[in-house]
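S.K.: upload_9.pdb is reproduced below (PDB, C-alpha atoms).
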ATOM      1  CA  MET X  30      -8.854  63.436   3.325
ATOM      2  CA  SER X  31      -5.364  62.473   2.084
ATOM      3  CA  THR X  32      -4.526  59.004   0.880
ATOM      4  CA  ALA X  33      -2.129  58.456   3.796
ATOM      5  CA  SER X  34      -4.795  59.312   6.363
ATOM      6  CA  ARG X  35      -7.234  56.925   4.714
ATOM      7  CA  LEU X  36      -4.899  53.928   4.858
ATOM      8  CA  PRO X  37      -5.878  52.814   8.406
ATOM      9  CA  GLN X  38      -9.552  53.034   7.452
ATOM     10  CA  LEU X  39      -8.982  51.008   4.286
ATOM     11  CA  ALA X  40      -6.932  48.443   6.207
ATOM     12  CA  GLY X  41      -9.711  48.129   8.777
ATOM     13  CA  ARG X  42     -12.266  47.478   6.041
ATOM     14  CA  LEU X  43     -10.043  44.830   4.518
ATOM     15  CA  VAL X  44      -9.524  43.065   7.847
ATOM     16  CA  SER X  45     -13.275  43.127   8.520
ATOM     17  CA  ARG X  46     -13.852  41.208   5.288
ATOM     18  CA  LEU X  47     -11.347  38.484   6.107
ATOM     19  CA  PRO X  48     -12.616  35.108   7.394
ATOM     20  CA  ARG X  49     -13.363  34.662  11.072
ATOM     21  CA  THR X  50     -13.767  30.910  10.682
ATOM     22  CA  VAL X  51     -11.833  28.392   8.617
ATOM     23  CA  ASP X  52     -13.775  28.514   5.372
ATOM     24  CA  THR X  53     -13.528  27.168   1.829
ATOM     25  CA  ARG X  54     -11.044  29.839   0.790
ATOM     26  CA  ILE X  55      -8.565  28.832   3.484
ATOM     27  CA  ARG X  56      -8.998  25.138   2.721
ATOM     28  CA  ARG X  57      -8.438  25.696  -0.995
ATOM     29  CA  LEU X  58      -5.250  27.645  -0.293
ATOM     30  CA  ALA X  59      -4.004  24.820   1.934
ATOM     31  CA  VAL X  60      -4.609  22.297  -0.852
ATOM     32  CA  ALA X  61      -2.974  24.652  -3.369
ATOM     33  CA  SER X  62       0.076  24.849  -1.125
ATOM     34  CA  LEU X  63       0.405  21.051  -0.961
ATOM     35  CA  ILE X  64      -0.063  20.670  -4.707
ATOM     36  CA  GLY X  65       2.403  23.488  -5.370
ATOM     37  CA  GLN X  66       5.105  21.983  -3.149
ATOM     38  CA  THR X  67       4.657  18.634  -4.911
ATOM     39  CA  VAL X  68       4.828  20.259  -8.345
ATOM     40  CA  LEU X  69       8.017  22.046  -7.256
ATOM     41  CA  VAL X  70       9.591  18.646  -6.613
ATOM     42  CA  VAL X  71       8.599  17.538 -10.121
ATOM     43  CA  THR X  72       9.888  20.687 -11.827
ATOM     44  CA  GLY X  73      13.096  20.475  -9.820
ATOM     45  CA  GLY X  74      13.451  16.929 -11.086
ATOM     46  CA  ALA X  75      12.869  18.137 -14.633
ATOM     47  CA  VAL X  76      15.702  20.643 -14.209
ATOM     48  CA  ARG X  77      18.084  17.894 -13.154
ATOM     49  CA  LEU X  78      16.936  15.222 -15.598
ATOM     50  CA  THR X  79      17.063  17.483 -18.661
ATOM     51  CA  SER X  80      20.569  18.693 -17.743
ATOM     52  CA  SER X  81      19.165  22.187 -17.195
ATOM     53  CA  GLY X  82      20.721  22.701 -13.766
ATOM     54  CA  LEU X  83      22.915  25.473 -15.122
ATOM     55  CA  GLY X  84      20.347  26.728 -17.625
ATOM     56  CA  CYS X  85      20.609  29.948 -15.641
ATOM     57  CA  PRO X  86      24.368  29.960 -15.000
ATOM     58  CA  THR X  87      24.317  32.418 -12.111
ATOM     59  CA  TRP X  88      22.114  33.634  -9.235
ATOM     60  CA  PRO X  89      20.072  35.664  -8.287
ATOM     61  CA  ARG X  90      20.054  36.801 -11.913
ATOM     62  CA  CYS X  91      19.588  34.259 -14.662
ATOM     63  CA  THR X  92      22.654  35.678 -16.437
ATOM     64  CA  ASP X  93      25.120  38.400 -15.530
ATOM     65  CA  THR X  94      23.036  40.912 -17.488
ATOM     66  CA  SER X  95      19.464  39.553 -17.296
ATOM     67  CA  LEU X  96      17.046  38.664 -14.525
ATOM     68  CA  VAL X  97      15.183  36.291 -16.861
ATOM     69  CA  ASN X  98      16.229  33.682 -19.381
ATOM     70  CA  THR X  99      16.932  34.800 -22.917
ATOM     71  CA  PRO X 100      16.063  33.095 -26.243
ATOM     72  CA  GLU X 101      19.758  32.360 -26.811
ATOM     73  CA  MET X 102      19.773  30.129 -23.720
ATOM     74  CA  GLY X 103      17.356  27.705 -25.347
ATOM     75  CA  ILE X 104      15.198  25.124 -23.603
ATOM     76  CA  HIS X 105      17.581  24.670 -20.660
ATOM     77  CA  GLY X 106      17.277  28.310 -19.663
ATOM     78  CA  PHE X 107      13.503  28.129 -20.014
ATOM     79  CA  ILE X 108      13.245  25.046 -17.769
ATOM     80  CA  GLU X 109      15.562  26.390 -15.073
ATOM     81  CA  PHE X 110      13.964  29.844 -14.980
ATOM     82  CA  GLY X 111      10.481  28.287 -14.977
ATOM     83  CA  ASN X 112      11.412  26.340 -11.844
ATOM     84  CA  ARG X 113      12.597  29.574 -10.220
ATOM     85  CA  LEU X 114       9.325  31.297 -11.095
ATOM     86  CA  LEU X 115       7.302  28.584  -9.361
ATOM     87  CA  THR X 116       8.749  29.650  -6.021
ATOM     88  CA  PHE X 117       7.129  33.065  -6.486
ATOM     89  CA  ALA X 118       3.752  31.398  -7.044
ATOM     90  CA  LEU X 119       4.214  29.364  -3.856
ATOM     91  CA  ALA X 120       5.170  32.521  -1.977
ATOM     92  CA  ALA X 121       2.002  34.208  -3.215
ATOM     93  CA  VAL X 122      -0.138  31.274  -2.017
ATOM     94  CA  ALA X 123       1.549  31.257   1.411
ATOM     95  CA  ALA X 124       1.244  35.043   1.769
ATOM     96  CA  LEU X 125      -2.422  34.969   0.785
ATOM     97  CA  MET X 126      -2.981  32.197   3.312
ATOM     98  CA  LEU X 127      -1.532  34.390   6.044
ATOM     99  CA  VAL X 128      -3.775  37.274   4.992
ATOM    100  CA  TYR X 129      -6.884  35.105   5.156
ATOM    101  CA  LEU X 130      -5.815  33.753   8.551
ATOM    102  CA  TRP X 131      -5.155  37.202  10.032
ATOM    103  CA  ASN X 132      -8.375  37.342  12.071
ATOM    104  CA  LEU X 133      -7.689  33.752  13.212
ATOM    105  CA  ARG X 134      -4.008  34.194  14.043
ATOM    106  CA  ARG X 135      -4.606  33.695  17.774
ATOM    107  CA  GLU X 136      -7.521  31.260  17.705
ATOM    108  CA  ARG X 137      -5.953  29.093  14.978
ATOM    109  CA  ARG X 138      -2.335  29.601  15.857
ATOM    110  CA  ASP X 139      -1.588  26.129  14.453
ATOM    111  CA  LEU X 140      -2.658  27.125  10.938
ATOM    112  CA  PHE X 141      -1.048  30.543  11.130
ATOM    113  CA  LEU X 142       2.344  29.181  12.200
ATOM    114  CA  LEU X 143       2.324  26.444   9.551
ATOM    115  CA  ALA X 144       1.500  28.998   6.846
ATOM    116  CA  LEU X 145       4.149  31.375   8.212
ATOM    117  CA  GLY X 146       6.720  28.576   8.184
ATOM    118  CA  LEU X 147       5.911  27.716   4.576
ATOM    119  CA  LEU X 148       6.264  31.355   3.550
ATOM    120  CA  ALA X 149       9.523  31.827   5.477
ATOM    121  CA  SER X 150      11.023  28.687   3.951
ATOM    122  CA  ILE X 151      10.574  29.888   0.376
ATOM    123  CA  PRO X 152      13.366  32.525   0.401
ATOM    124  CA  ALA X 153      15.534  30.001   2.254
ATOM    125  CA  GLN X 154      14.901  27.501  -0.544
ATOM    126  CA  ALA X 155      15.728  30.156  -3.118
ATOM    127  CA  VAL X 156      19.063  30.840  -1.407
ATOM    128  CA  ILE X 157      19.917  27.127  -1.281
ATOM    129  CA  GLY X 158      18.962  26.879  -4.948
ATOM    130  CA  GLY X 159      21.275  29.771  -5.678
ATOM    131  CA  ILE X 160      24.115  28.068  -3.820
ATOM    132  CA  THR X 161      23.613  24.931  -5.928
ATOM    133  CA  VAL X 162      24.149  27.018  -9.065
ATOM    134  CA  LEU X 163      27.125  28.939  -7.643
ATOM    135  CA  THR X 164      28.781  25.653  -6.553
ATOM    136  CA  ASN X 165      28.309  24.122 -10.006
ATOM    137  CA  LEU X 166      25.581  21.738  -8.766
ATOM    138  CA  ASN X 167      27.481  20.275  -5.843
ATOM    139  CA  PRO X 168      25.575  17.004  -5.204
ATOM    140  CA  TRP X 169      25.336  17.536  -1.440
ATOM    141  CA  VAL X 170      23.881  21.031  -1.844
ATOM    142  CA  VAL X 171      21.499  19.750  -4.515
ATOM    143  CA  GLY X 172      20.473  17.001  -2.095
ATOM    144  CA  LEU X 173      19.821  19.540   0.660
ATOM    145  CA  HIS X 174      17.661  21.528  -1.765
ATOM    146  CA  PHE X 175      15.573  18.412  -2.417
ATOM    147  CA  LEU X 176      15.279  17.472   1.263
ATOM    148  CA  VAL X 177      13.983  20.934   2.162
ATOM    149  CA  SER X 178      11.316  20.475  -0.519
ATOM    150  CA  MET X 179      10.370  17.153   1.072
ATOM    151  CA  SER X 180      10.029  18.797   4.494
ATOM    152  CA  LEU X 181       7.764  21.440   2.967
ATOM    153  CA  VAL X 182       5.544  18.694   1.563
ATOM    154  CA  VAL X 183       5.259  17.378   5.134
ATOM    155  CA  PHE X 184       4.308  20.789   6.548
ATOM    156  CA  ALA X 185       1.825  21.387   3.726
ATOM    157  CA  THR X 186       0.212  18.010   4.472
ATOM    158  CA  LEU X 187      -0.189  18.980   8.125
ATOM    159  CA  LEU X 188      -1.656  22.309   7.006
ATOM    160  CA  VAL X 189      -4.272  20.533   4.863
ATOM    161  CA  ASN X 190      -5.223  18.181   7.696
ATOM    162  CA  ARG X 191      -5.613  21.053  10.163
ATOM    163  CA  ALA X 192      -7.541  23.217   7.688
ATOM    164  CA  PHE X 193     -10.055  20.448   7.015
ATOM    165  CA  GLY X 194     -10.398  19.612  10.714
ATOM    166  CA  ARG X 195      -9.044  16.089  10.220
ATOM    167  CA  THR X 196      -6.425  16.311  12.975
ATOM    168  CA  GLY X 197      -5.198  18.572  15.766
ATOM    169  CA  ARG X 198      -7.029  20.408  18.525
ATOM    170  CA  PHE X 199      -9.837  21.598  16.258
ATOM    171  CA  MET X 200     -10.969  18.301  14.750
ATOM    172  CA  ALA X 201     -14.379  18.537  13.131
ATOM    173  CA  VAL X 202     -14.937  14.773  13.207
ATOM    174  CA  ARG X 203     -14.276  12.095  15.766
ATOM    175  CA  HIS X 204     -12.022   9.303  14.600
ATOM    176  CA  PRO X 205     -12.619   5.673  15.621
ATOM    177  CA  ALA X 206     -10.363   4.409  18.387
ATOM    178  CA  LEU X 207      -7.191   2.684  17.191
ATOM    179  CA  PRO X 208      -5.057  -0.050  18.771
ATOM    180  CA  GLY X 209      -2.297   1.504  20.852
ATOM    181  CA  VAL X 210       0.402   0.116  18.552
ATOM    182  CA  MET X 211      -0.826   2.228  15.631
ATOM    183  CA  ARG X 212       0.801   5.451  16.804
ATOM    184  CA  PRO X 213       4.361   4.101  17.100
ATOM    185  CA  MET X 214       3.848   1.974  13.974
ATOM    186  CA  THR X 215       2.818   4.897  11.765
ATOM    187  CA  ALA X 216       5.531   7.064  13.348
ATOM    188  CA  ALA X 217       8.101   4.393  12.419
ATOM    189  CA  VAL X 218       6.777   4.232   8.840
ATOM    190  CA  ALA X 219       7.040   8.030   8.568
ATOM    191  CA  LEU X 220      10.592   7.892   9.957
ATOM    192  CA  PHE X 221      11.603   5.130   7.530
ATOM    193  CA  SER X 222      10.045   7.141   4.690
ATOM    194  CA  ALA X 223      12.230  10.127   5.569
ATOM    195  CA  LEU X 224      15.278   7.846   5.813
ATOM    196  CA  ALA X 225      14.505   6.313   2.411
ATOM    197  CA  VAL X 226      14.267   9.789   0.885
ATOM    198  CA  MET X 227      17.574  10.866   2.439
ATOM    199  CA  LEU X 228      19.345   7.755   1.186
ATOM    200  CA  GLY X 229      17.719   8.290  -2.194
ATOM    201  CA  VAL X 230      19.431  11.679  -2.314
ATOM    202  CA  VAL X 231      22.777   9.975  -1.726
ATOM    203  CA  VAL X 232      22.049   7.455  -4.501
ATOM    204  CA  THR X 233      21.092  10.248  -6.895
ATOM    205  CA  GLY X 234      24.266  12.148  -6.021
ATOM    206  CA  ALA X 235      26.292   9.115  -7.060
ATOM    207  CA  GLY X 236      24.299   8.429 -10.230
ATOM    208  CA  PRO X 237      24.498   9.799 -13.761
ATOM    209  CA  HIS X 238      21.734  12.419 -13.586
ATOM    210  CA  ALA X 239      23.817  15.340 -12.344
ATOM    211  CA  GLY X 240      21.840  18.197 -13.867
ATOM    212  CA  ASP X 241      24.740  19.202 -16.104
ATOM    213  CA  ALA X 242      27.457  17.342 -17.974
ATOM    214  CA  ASP X 243      30.212  19.043 -15.949
ATOM    215  CA  ALA X 244      28.575  18.784 -12.514
ATOM    216  CA  PRO X 245      30.529  16.778  -9.913
ATOM    217  CA  ARG X 246      29.342  13.504  -8.352
ATOM    218  CA  ASN X 247      29.691  12.520  -4.692
ATOM    219  CA  GLY X 248      32.097   9.664  -5.518
ATOM    220  CA  LEU X 249      30.159   6.972  -3.629
ATOM    221  CA  ASP X 250      29.319   3.499  -4.925
ATOM    222  CA  TRP X 251      25.953   3.937  -6.658
ATOM    223  CA  ASP X 252      25.093   0.234  -6.685
ATOM    224  CA  LEU X 253      25.948  -0.276  -3.011
ATOM    225  CA  PHE X 254      23.908   2.696  -1.839
ATOM    226  CA  SER X 255      21.012   1.649  -4.061
ATOM    227  CA  HIS X 256      20.789  -1.538  -1.997
ATOM    228  CA  ILE X 257      21.156   0.383   1.274
ATOM    229  CA  HIS X 258      18.410   2.735   0.082
ATOM    230  CA  ALA X 259      16.134  -0.292  -0.379
ATOM    231  CA  VAL X 260      16.355  -1.330   3.306
ATOM    232  CA  PRO X 261      14.066   1.398   4.744
ATOM    233  CA  ALA X 262      11.788   0.849   1.717
ATOM    234  CA  TYR X 263      11.329  -2.777   2.821
ATOM    235  CA  LEU X 264      10.619  -1.599   6.382
ATOM    236  CA  ILE X 265       8.033   0.887   5.082
ATOM    237  CA  THR X 266       6.290  -1.931   3.239
ATOM    238  CA  ILE X 267       6.328  -4.231   6.269
ATOM    239  CA  GLY X 268       4.982  -1.501   8.555
ATOM    240  CA  THR X 269       2.267  -0.466   6.127
ATOM    241  CA  VAL X 270       1.096  -4.047   5.510
ATOM    242  CA  ALA X 271       1.030  -4.664   9.279
ATOM    243  CA  ALA X 272      -1.012  -1.490   9.810
ATOM    244  CA  LEU X 273      -3.461  -2.532   7.106
ATOM    245  CA  ALA X 274      -3.801  -6.009   8.651
ATOM    246  CA  LEU X 275      -4.716  -4.398  11.974
ATOM    247  CA  VAL X 276      -7.196  -2.111  10.203
ATOM    248  CA  PHE X 277      -9.069  -5.108   8.787
ATOM    249  CA  LEU X 278      -8.647  -7.218  11.938
ATOM    250  CA  HIS X 279     -10.193  -4.497  14.119
ATOM    251  CA  ARG X 280     -12.648  -3.384  11.417
ATOM    252  CA  ILE X 281     -11.422   0.198  11.524
ATOM    253  CA  THR X 282     -13.201   2.554   9.138
ATOM    254  CA  GLY X 283     -13.004   6.222   8.298
ATOM    255  CA  PRO X 284     -10.047   8.473   7.470
ATOM    256  CA  PHE X 285      -7.388   6.251   9.033
ATOM    257  CA  ARG X 286      -8.336   3.271   6.909
ATOM    258  CA  SER X 287      -8.255   5.474   3.806
ATOM    259  CA  ALA X 288      -4.879   6.887   4.870
ATOM    260  CA  VAL X 289      -3.329   3.431   5.260
ATOM    261  CA  LEU X 290      -4.735   2.259   1.922
ATOM    262  CA  ALA X 291      -3.329   5.362   0.227
ATOM    263  CA  LEU X 292       0.037   4.775   1.909
ATOM    264  CA  LEU X 293       0.092   1.165   0.702
ATOM    265  CA  ALA X 294      -0.774   2.227  -2.861
ATOM    266  CA  VAL X 295       2.046   4.797  -2.945
ATOM    267  CA  THR X 296       4.503   2.338  -1.372
ATOM    268  CA  VAL X 297       3.748  -0.372  -3.931
ATOM    269  CA  LEU X 298       3.955   2.123  -6.786
ATOM    270  CA  GLN X 299       7.312   3.413  -5.544
ATOM    271  CA  ALA X 300       8.635  -0.144  -5.234
ATOM    272  CA  ILE X 301       7.587  -0.964  -8.798
ATOM    273  CA  ILE X 302       9.173   2.212 -10.171
ATOM    274  CA  GLY X 303      12.325   1.715  -8.103
ATOM    275  CA  PHE X 304      12.939  -1.877  -9.192
ATOM    276  CA  THR X 305      12.062  -1.107 -12.816
ATOM    277  CA  GLN X 306      14.453   1.827 -13.054
ATOM    278  CA  TYR X 307      17.242  -0.118 -11.327
ATOM    279  CA  TYR X 308      17.082  -3.011 -13.791
ATOM    280  CA  ASN X 309      16.601  -0.813 -16.864
ATOM    281  CA  GLY X 310      19.474   1.630 -16.618
ATOM    282  CA  ILE X 311      17.634   4.342 -14.581
ATOM    283  CA  PRO X 312      15.804   6.010 -17.509
ATOM    284  CA  VAL X 313      14.963   9.683 -17.078
ATOM    285  CA  LEU X 314      11.162   9.356 -17.059
ATOM    286  CA  LEU X 315      11.201   6.674 -14.361
ATOM    287  CA  VAL X 316      13.596   8.716 -12.231
ATOM    288  CA  GLY X 317      11.211  11.665 -12.496
ATOM    289  CA  ALA X 318       8.277   9.433 -11.560
ATOM    290  CA  HIS X 319      10.270   8.137  -8.576
ATOM    291  CA  MET X 320      10.858  11.713  -7.378
ATOM    292  CA  LEU X 321       7.142  12.439  -7.613
ATOM    293  CA  GLY X 322       6.507   9.190  -5.750
ATOM    294  CA  ALA X 323       8.881  10.318  -2.988
ATOM    295  CA  ALA X 324       6.806  13.459  -2.438
ATOM    296  CA  LEU X 325       3.587  11.421  -2.430
ATOM    297  CA  LEU X 326       5.137   8.932  -0.008
ATOM    298  CA  MET X 327       6.103  11.669   2.453
ATOM    299  CA  ALA X 328       2.600  13.149   2.229
ATOM    300  CA  ALA X 329       0.907   9.753   2.670
ATOM    301  CA  ALA X 330       3.144   8.697   5.570
ATOM    302  CA  THR X 331       2.670  12.052   7.305
ATOM    303  CA  ASN X 332      -1.086  11.847   6.828
ATOM    304  CA  ALA X 333      -1.346   8.336   8.329
ATOM    305  CA  TRP X 334       0.826   9.261  11.316
ATOM    306  CA  ASP X 335      -1.011  12.556  11.878
ATOM    307  CA  ILE X 336      -4.406  10.853  11.918
ATOM    308  CA  ALA X 337      -3.153   8.057  14.192
ATOM    309  CA  ARG X 338      -1.781  10.516  16.758
ATOM    310  CA  SER X 339      -5.065  12.451  16.717
ATOM    311  CA  SER X 340      -7.221   9.348  17.224
ATOM    312  CA  PRO X 341      -8.239   7.886  20.596
ATOM    313  CA  VAL X 342      -6.569   4.662  21.704
ATOM    314  CA  ARG X 343      -8.416   1.442  22.522
TER     315      ARG X 343
END
Transcribe the structure of this file into structure tokens.

M.R.:
Amino acid sequence: MSTASRLPQLAGRLVSRLPRTVDTRIRRLAVASLIGQTVLVVTGGAVRLTSSGLGCPTWPRCTDTSLVNTPEMGIHGFIEFGNRLLTFALAAVAALMLVYLWNLRRERRDLFLLALGLLASIPAQAVIGGITVLTNLNPWVVGLHFLVSMSLVVFATLLVNRAFGRTGRFMAVRHPALPGVMRPMTAAVALFSALAVMLGVVVTGAGPHAGDADAPRNGLDWDLFSHIHAVPAYLITIGTVAALALVFLHRITGPFRSAVLALLAVTVLQAIIGFTQYYNGIPVLLVGAHMLGAALLMAAATNAWDIARSSPVR
């Protein structure tokens, strides 16, 4: 029998070995996807904060004659090319997730579509990243690149929740009933979190960390937009504290209580980092920590809202 004629038989054997229920392998890949998207935010920040944005001066190649960085390019080329390589690892995780979900593609359409969306977004992110290089790190394109990463953190968070049966149609556990106000309250906190991140992009585009000494800035007043950026941060804090007060008042336990506590912890940490960097000349390490905090904030806010909308109402 020729190799070509054996391919359908081999494919059938492979499919028969794939999961028919959401198992540990699928859950681990979902977690890996969330961690990977968060790490991508951090490495992207490292590219900007080390002035390595043009470490690979062209795209899709690293140089006009090389696909990869060369020793002559030094540390900047290594950092920029390393960030590009991470997208391939994320693509591999997303593709493997789709393979493992193949037998569940109809039954668990929610997981399959989320994984498909994450995989499809990776080449789109690569193209946007390429445009940032070809436009000499235009701050608005760089900002778009960051915002897409934030949206992928959101989708990866939803994927983790669905894979572990925490939310959605296939919940494995029953959540305690929540006061009716919790759904709009957590939705508002998630919305304010997204707004804070978007305004943070504007602030960064006006600030000194351009990714390269010759990269343009957006020309806006950095100090003014720093204060505007703080407004949704205050609203996030108010909403989170109010949600936590209701949690204790109604003696709510379980995943939602944990989600609100995690959201409060991330919010307080982000506030501390934000104020400290503002009053200390926005040092590089604190800016990087603030970018990581933004990814954690989006994940925590999404998680709290997702659990609230999947919980019964009192």

S.K.: Sorted by chain and rising residue number, which residues of region 180-283 of chain X lie within 9 Å of region 326-337 of chain X, and what are their closest atom pairs and distances in Å to one decimal, counting all atoms listed in the file, as CSV?

M.R.:
residue,atom,partner,partner_atom,distance
X:Ser180,CA,X:Met327,CA,8.4
X:Val182,CA,X:Ala328,CA,6.3
X:Val183,CA,X:Ala328,CA,5.8
X:Phe184,CA,X:Thr331,CA,8.9
X:Ala185,CA,X:Ala328,CA,8.4
X:Thr186,CA,X:Ala328,CA,5.9
X:Leu187,CA,X:Asn332,CA,7.3
X:Asn190,CA,X:Asn332,CA,7.6
X:Arg195,CA,X:Ile336,CA,7.2
X:Thr196,CA,X:Ile336,CA,5.9
X:Gly197,CA,X:Asp335,CA,8.3
X:His204,CA,X:Ile336,CA,8.2
X:Leu207,CA,X:Ala337,CA,7.4
X:Met211,CA,X:Ala337,CA,6.4
X:Arg212,CA,X:Ala337,CA,5.4
X:Pro213,CA,X:Trp334,CA,8.5
X:Met214,CA,X:Trp334,CA,8.3
X:Thr215,CA,X:Trp334,CA,4.8
X:Ala216,CA,X:Trp334,CA,5.6
X:Ala217,CA,X:Trp334,CA,8.8
X:Val218,CA,X:Ala330,CA,6.6
X:Ala219,CA,X:Ala330,CA,5.0
X:Leu220,CA,X:Ala330,CA,8.7
X:Ser222,CA,X:Met327,CA,6.4
X:Ala223,CA,X:Met327,CA,7.0
X:Val226,CA,X:Met327,CA,8.5

S.K.: Show me a table, sorted first by chain and then by increasing residue number, of the residues of region 47-149 of chain X having an atom at most 9 Å from region 160-175 of chain X, each with its shortest atom pair and the distance in Å to one decimal, counting only C-alpha atoms and written as a Markdown table.

M.R.:
| residue | atom | partner | partner_atom | distance |
| --- | --- | --- | --- | --- |
| X:Val70 | CA | X:Phe175 | CA | 7.3 |
| X:Gly73 | CA | X:Phe175 | CA | 8.1 |
| X:Gly82 | CA | X:Leu166 | CA | 7.0 |
| X:Leu83 | CA | X:Val162 | CA | 6.4 |
| X:Cys85 | CA | X:Val162 | CA | 8.0 |
| X:Pro86 | CA | X:Val162 | CA | 6.6 |
| X:Thr87 | CA | X:Val162 | CA | 6.2 |
| X:Trp88 | CA | X:Val162 | CA | 6.9 |

S.K.: Measure the distance from CA of Leu147 (chain X) to CA of Ser62 (chain X) in Å and round it to one decimal.

M.R.: 8.6 Å

S.K.: For the provided coordinates, the residues matched by the PyMOL selection byres ((chain X and resi 343) around 9) should be stated as a count of residues only.

M.R.: 6

S.K.: Per residue of region 128-245 of chain X within 12 Å of region 311-316 of chain X, what are the shortest atom pair and its distance in Å to one decimal, counting only C-alpha atoms, with rows by chain and residue number, as CSV?

M.R.:
residue,atom,partner,partner_atom,distance
X:Gly229,CA,X:Val316,CA,10.9
X:Val230,CA,X:Val316,CA,11.9
X:Val232,CA,X:Ile311,CA,11.4
X:Thr233,CA,X:Val316,CA,9.3
X:Gly236,CA,X:Ile311,CA,8.9
X:Pro237,CA,X:Ile311,CA,8.8
X:His238,CA,X:Val313,CA,8.1
X:Ala239,CA,X:Val313,CA,11.5
X:Gly240,CA,X:Val313,CA,11.4

S.K.: Measuring between only C-alpha atoms, which one of X:Gln66, X:Ser150, X:Ser80, X:Thr72 shows the shortest distance to Leu325 (chain X)?

M.R.: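 The answer is X:Gln66, which sits nearest to Leu325 (chain X).
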
S.K.: So which residues fall inside 12 Å of (11.5, 27.8, -20.4) if we count all atoms listed in the file? Mind giving them as number ranges by chain?

M.R.: X: 72, 75-76, 79, 81, 84-85, 91, 97-115

S.K.: Taking all atoms listed in the file into account, produce a table as CSV in which each residue of region 112-171 of chain X with an atom at most 9 Å from an atom of region 52-57 of chain X appears once, together with its shortest atom pair and the distance in Å to one decimal, ordered by chain and rising number.

M.R.:
residue,atom,partner,partner_atom,distance
X:Met126,CA,X:Ile55,CA,6.5
X:Tyr129,CA,X:Ile55,CA,6.7
X:Leu130,CA,X:Ile55,CA,7.6

S.K.: Name the closest residue to Trp131 (chain X) among the candidates X:Leu298, X:Leu278, X:Val51, X:Leu181; distances are taken between atoms, counting all atoms listed in the file.

M.R.: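 Of X:Leu298, X:Leu278, X:Val51, X:Leu181, the one nearest Trp131 (chain X) is X:Val51, counting all atoms listed in the file.
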
S.K.: Restricting the calculation to all atoms listed in the file: of X:Arg280, X:Arg198, X:Arg134, X:Ser255, which residue gets closest to Arg338 (chain X)?

M.R.: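 Using all atoms listed in the file, the shortest distance to Arg338 (chain X) belongs to X:Arg198.
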
S.K.: I need the residue nearest Leu145 (chain X) from this list: X:Ile301, X:Ala291, X:Ile157, X:Leu127. Use all atoms listed in the file for the distance.

M.R.: X:Leu127

S.K.: Considering all atoms listed in the file, return as a VMD selection string whatever protein or nucleic-acid residues lie within 8 Å of Arg191 (chain X), sequence-local ones (same chain, fewer than 6 positions apart) excluded.

M.R.: chain X and resid 139 to 140 197 199 to 200

S.K.: Based on the selection just made, write C-alpha atoms of those residues as an mmCIF file, in the frame of the given file.

M.R.:
data_model
loop_
_atom_site.group_PDB
_atom_site.id
_atom_site.type_symbol
_atom_site.label_atom_id
_atom_site.label_comp_id
_atom_site.auth_asym_id
_atom_site.auth_seq_id
_atom_site.Cartn_x
_atom_site.Cartn_y
_atom_site.Cartn_z
ATOM 1 C CA ASP X 139 -1.588 26.129 14.453
ATOM 2 C CA LEU X 140 -2.658 27.125 10.938
ATOM 3 C CA GLY X 197 -5.198 18.572 15.766
ATOM 4 C CA PHE X 199 -9.837 21.598 16.258
ATOM 5 C CA MET X 200 -10.969 18.301 14.750
#

S.K.: Of the residues X:Leu58, X:Pro261, X:Met320, X:Val156, which is the one nearest to Ala121 (chain X), using all atoms listed in the file?

M.R.: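 Residue with the minimum atom-to-atom distance to Ala121 (chain X): X:Leu58.
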
S.K.: As an exercise, work out the distance from CA of Leu290 (chain X) to CA of Gly322 (chain X) in Å and give it to one decimal place.

M.R.: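 Between CA of Leu290 (chain X) and CA of Gly322 (chain X) the gap is 15.3 Å.
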
S.K.: Quick one: pull the distance between CA of Ala120 (chain X) and CA of Val71 (chain X), Å, one decimal.

M.R.: 17.4 Å

S.K.: Which is closer to Leu228 (chain X) than all the others in X:Leu176, X:Val270, X:Gly248, X:Thr296, using all atoms listed in the file?

M.R.: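 Smallest distance to Leu228 (chain X) is found for X:Leu176.
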
S.K.: Give me the box for region 306-325 of chain X as JSON, namely the centre and edge lengths in Å to one decimal of a box along x, y and z that holds every listed atom plus 5 Å on each side.

M.R.:
{"center_x": 11.5, "center_y": 5.2, "center_z": -10.0, "size_x": 25.9, "size_y": 26.5, "size_z": 25.1}
